[in-house]
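Report on the structure given below.
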Amino acid sequence: MSIVEIKNINKKFGNKEALKNVSLTIEEGKIIGLLGTNGSGKTTLIKLINDLLVPSDGEILIHGKKPGIESKQMIAYLPERSYLNDSWKVCELLDFFQDFYSDFDRERACDLLKGFHIDMKDRLKTMSKGTKEKIQLIMVMSRRAKLYVLDEPIGGVDPAARDYILDTILNNFEQGASILISTHLISDIERILDDVIFISNGEVIEHCSADEMRRQNGKSIDEIFREEFRC
Ligand SMILES: Nc1ncnc2c1ncn2[C@@H]1O[C@H](COP(=O)(O)OP(=O)(O)OP(=O)(O)O)[C@@H](O)[C@H]1O
């Protein structure tokens, strides 16, 4: 079964058409890069999948069901901006995730936090932006979800830590689950992608296998993106 089916979605904000007749399917067990220029509609699409926005037209199905309480239990979502309470200690954040999500694997989260040398007693407000991003990603990846939706997961992380983070993503998602990643850091992330979606001005202009795209063009996804969307 497809994990996400999007059929002829339109999303308008007043007169602004953020998404235009978008249809796509996300299959189980795939890592998909959602790639597009600023304002192309990536976050809008992600918010629709997460039931944080409703479409103006069209239909979204998550594992065959409309977005709602059940779909939120299946989706582990890393938003573009942090929603965490800065005054919390890391251990309080673990308690929060454990209380809130029945699929949260606390042991996995603790192991990953140790890997990044993060002290459970430290408060989030004392940490750098990059460290907070790492913690938030660890929390999300420690859920046993069917779909992980990551909106710019490595934007604030230094280049040296990015590979470690990508390996963390690769090694910590559930068997058969899918990951949708929105990012501008294509060259860093493309090695882990199975499929690529190019979105431009609210329209999906390409959805294909990453290997196939590289093979047909004889270039990396990063190079293809830069050529396609050159200003
Ligand atoms: N709440 C809103 N009200 C009005 N317009 C909005 C709203 N949210 C998004 N938009 C508009 O919809 C379009 C798509 O925005 P969106 O945030 O989805 O783009 P994006 O691809 O995620 O961009 P970026 O890469 O810069 O994060 C933009 O033109 C944006 O200005």
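Following the order of the structure tokens, first chain is A, next is B, and so on, with residues numbered from 1 inside each chain and ligands from 1 in the order they appear.
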request  = Write out as JSON, numbers by chain all residues of stretch 51-176 of chain A that backbone DSSP assigns to strand (DSSP E or B).
outcome  = {"A": [57, 58, 59, 60, 61, 62, 65, 75, 76, 77, 78, 89, 104, 123, 143, 147, 148, 149, 150, 151]}
task = Going by DSSP on the backbone, which bits of stretch 13-196 of chain A are alpha helix (DSSP H)? Write them as JSON, numbers by chain, please.
result = {"A": [42, 43, 44, 45, 46, 47, 48, 49, 69, 70, 71, 72, 73, 74, 90, 91, 92, 93, 94, 95, 96, 97, 98, 99, 100, 106, 107, 108, 109, 110, 111, 112, 113, 114, 115, 129, 130, 131, 132, 133, 134, 135, 136, 137, 138, 139, 140, 141, 159, 160, 161, 162, 163, 164, 165, 166, 167, 168, 169, 170, 171, 186, 187, 188, 189]}
task = Could you give me, as a list in words, every polymer residue with an atom at most 7 Å away from an atom of ligand 1, counting only C-alpha atoms and all ligand atoms?
result = Phe13, Gly14, Lys16, Glu17, Ala18, Gly36, Thr37, Asn38, Gly39, Ser40, Gly41, Lys42, Thr43, Thr44, Leu45 and Gly202 of chain A
Using N, CA and C atoms, can you export the residues from the last selection as an mmCIF file, in the first residue's frame?
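Listing of part_39.cif after writing:
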```cif
data_model
loop_
_atom_site.group_PDB
_atom_site.id
_atom_site.type_symbol
_atom_site.label_atom_id
_atom_site.label_comp_id
_atom_site.auth_asym_id
_atom_site.auth_seq_id
_atom_site.Cartn_x
_atom_site.Cartn_y
_atom_site.Cartn_z
ATOM 1 N N PHE A 13 -3.627 30.644 -0.584
ATOM 2 C CA PHE A 13 -3.625 31.564 0.550
ATOM 3 C C PHE A 13 -4.142 32.886 -0.013
ATOM 4 N N GLY A 14 -5.395 33.204 0.161
ATOM 5 C CA GLY A 14 -5.975 34.375 -0.511
ATOM 6 C C GLY A 14 -5.900 34.163 -2.013
ATOM 7 N N LYS A 16 -3.036 33.878 -3.582
ATOM 8 C CA LYS A 16 -1.762 33.192 -3.864
ATOM 9 C C LYS A 16 -1.996 31.680 -3.987
ATOM 10 N N GLU A 17 -1.635 31.126 -5.148
ATOM 11 C CA GLU A 17 -1.758 29.674 -5.330
ATOM 12 C C GLU A 17 -0.437 29.028 -4.922
ATOM 13 N N ALA A 18 -0.384 28.493 -3.721
ATOM 14 C CA ALA A 18 0.867 27.900 -3.231
ATOM 15 C C ALA A 18 1.103 26.516 -3.836
ATOM 16 N N GLY A 36 13.087 22.081 -4.120
ATOM 17 C CA GLY A 36 12.530 23.200 -4.873
ATOM 18 C C GLY A 36 13.102 24.498 -4.355
ATOM 19 N N THR A 37 12.961 25.548 -5.144
ATOM 20 C CA THR A 37 13.498 26.856 -4.748
ATOM 21 C C THR A 37 12.650 27.456 -3.623
ATOM 22 N N ASN A 38 13.105 28.577 -3.063
ATOM 23 C CA ASN A 38 12.347 29.264 -2.014
ATOM 24 C C ASN A 38 10.935 29.592 -2.519
ATOM 25 N N GLY A 39 9.965 29.294 -1.678
ATOM 26 C CA GLY A 39 8.581 29.653 -2.005
ATOM 27 C C GLY A 39 7.918 28.741 -3.018
ATOM 28 N N SER A 40 8.547 27.585 -3.322
ATOM 29 C CA SER A 40 7.982 26.694 -4.348
ATOM 30 C C SER A 40 6.817 25.845 -3.819
ATOM 31 N N GLY A 41 6.655 25.785 -2.497
ATOM 32 C CA GLY A 41 5.496 25.047 -1.942
ATOM 33 C C GLY A 41 5.846 23.835 -1.101
ATOM 34 N N LYS A 42 7.129 23.640 -0.781
ATOM 35 C CA LYS A 42 7.547 22.431 -0.044
ATOM 36 C C LYS A 42 6.894 22.365 1.351
ATOM 37 N N THR A 43 7.041 23.457 2.110
ATOM 38 C CA THR A 43 6.498 23.441 3.472
ATOM 39 C C THR A 43 4.975 23.358 3.453
ATOM 40 N N THR A 44 4.355 24.002 2.482
ATOM 41 C CA THR A 44 2.888 23.921 2.360
ATOM 42 C C THR A 44 2.467 22.462 2.152
ATOM 43 N N LEU A 45 3.166 21.760 1.259
ATOM 44 C CA LEU A 45 2.846 20.355 0.997
ATOM 45 C C LEU A 45 3.045 19.512 2.264
ATOM 46 N N GLY A 202 4.748 25.817 -7.073
ATOM 47 C CA GLY A 202 3.563 25.082 -6.620
ATOM 48 C C GLY A 202 3.196 23.878 -7.459
#
```
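With distances taken over only C-alpha atoms, A:Tyr77 is the one residue among A:Tyr83, A:Phe198, A:Tyr164, A:Tyr77 lying closest to A:Arg143.
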Would you give me, as CSV, each residue of stretch 149-209 of chain A having an atom within 12 Å of an atom of stretch 91-113 of chain A, along with its shortest atom pair and that distance in Å to one decimal, using only C-alpha atoms and sorting by chain and residue number?
```
residue,atom,partner,partner_atom,distance
A:Tyr164,CA,A:Leu112,CA,10.8
A:Ile165,CA,A:Leu112,CA,10.0
A:Asp167,CA,A:Leu112,CA,11.2
A:Thr168,CA,A:Leu112,CA,7.9
A:Ile169,CA,A:Leu112,CA,10.6
A:Asn171,CA,A:Leu112,CA,10.7
A:Asn172,CA,A:Arg108,CA,8.4
A:Phe173,CA,A:Arg108,CA,10.8
A:Glu174,CA,A:Asp103,CA,10.9
```
Generate a file of the selected residues that holds C-alpha atoms, formatted as an mmCIF file, in the first residue's frame.
```
data_model
loop_
_atom_site.group_PDB
_atom_site.id
_atom_site.type_symbol
_atom_site.label_atom_id
_atom_site.label_comp_id
_atom_site.auth_asym_id
_atom_site.auth_seq_id
_atom_site.Cartn_x
_atom_site.Cartn_y
_atom_site.Cartn_z
ATOM 1 C CA TYR A 164 26.816 11.641 10.887
ATOM 2 C CA ILE A 165 23.257 12.990 10.971
ATOM 3 C CA ASP A 167 23.753 8.100 8.853
ATOM 4 C CA THR A 168 21.618 8.586 11.987
ATOM 5 C CA ILE A 169 18.584 9.006 9.747
ATOM 6 C CA ASN A 171 20.158 3.688 10.502
ATOM 7 C CA ASN A 172 17.187 4.650 12.627
ATOM 8 C CA PHE A 173 14.034 4.479 10.647
ATOM 9 C CA GLU A 174 11.614 1.625 10.865
#
```
Shell of 8 Å around stretch 147-155 of chain A, only C-alpha atoms, local chain residues under 3 positions omitted, as a PDB file with C-alpha atoms, in the first residue's frame:
```
ATOM      1  CA  ILE A   3       1.867   5.514   2.526  1.00  0.00           C
ATOM      2  CA  THR A  43       6.498  23.441   3.472  1.00  0.00           C
ATOM      3  CA  ILE A  46       4.446  19.034   4.185  1.00  0.00           C
ATOM      4  CA  MET A  74       1.794   7.239  11.848  1.00  0.00           C
ATOM      5  CA  ILE A  75       3.853  10.317  10.946  1.00  0.00           C
ATOM      6  CA  ALA A  76       6.956  11.569  12.765  1.00  0.00           C
ATOM      7  CA  TYR A  77       7.277  15.202  11.743  1.00  0.00           C
ATOM      8  CA  LEU A  78      10.300  17.459  12.075  1.00  0.00           C
ATOM      9  CA  PRO A  79       9.076  21.011  11.414  1.00  0.00           C
ATOM     10  CA  GLU A  80      11.121  23.725   9.777  1.00  0.00           C
ATOM     11  CA  GLU A 133      18.408  20.701  15.700  1.00  0.00           C
ATOM     12  CA  LEU A 137      15.919  15.167  14.850  1.00  0.00           C
ATOM     13  CA  VAL A 140      11.665  12.424  15.689  1.00  0.00           C
ATOM     14  CA  MET A 141      13.805   9.515  14.412  1.00  0.00           C
ATOM     15  CA  ARG A 162      25.940  16.342   8.407  1.00  0.00           C
ATOM     16  CA  ILE A 165      23.257  12.990  10.971  1.00  0.00           C
ATOM     17  CA  ALA A 177       8.788   3.148   6.621  1.00  0.00           C
ATOM     18  CA  SER A 178       9.335   6.053   4.238  1.00  0.00           C
ATOM     19  CA  ILE A 179      11.099   9.373   4.704  1.00  0.00           C
ATOM     20  CA  LEU A 180      10.194  12.615   2.966  1.00  0.00           C
ATOM     21  CA  ILE A 181      13.004  15.170   3.294  1.00  0.00           C
ATOM     22  CA  SER A 182      12.780  18.777   2.202  1.00  0.00           C
ATOM     23  CA  THR A 183      16.162  20.447   1.845  1.00  0.00           C
ATOM     24  CA  HIS A 184      18.256  22.996   0.007  1.00  0.00           C
ATOM     25  CA  LEU A 185      21.442  21.073   0.891  1.00  0.00           C
TER      26      LEU A 185
END
```
d(atom CA of A:Asp195, atom CA of A:Glu28) in Å =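 Between atom CA of A:Asp195 and atom CA of A:Glu28 the gap works out to 11.8 Å.
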inquiry  = For a quick check of understanding, using only C-alpha atoms, which of A:Lys89, A:Arg144, A:Lys134, A:Lys12 has the smallest distance to A:Asp122?
reply    = A:Lys89
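Across the structure, atom CA of A:Pro67 and atom CA of A:Gly29 are spaced 20.0 Å apart.
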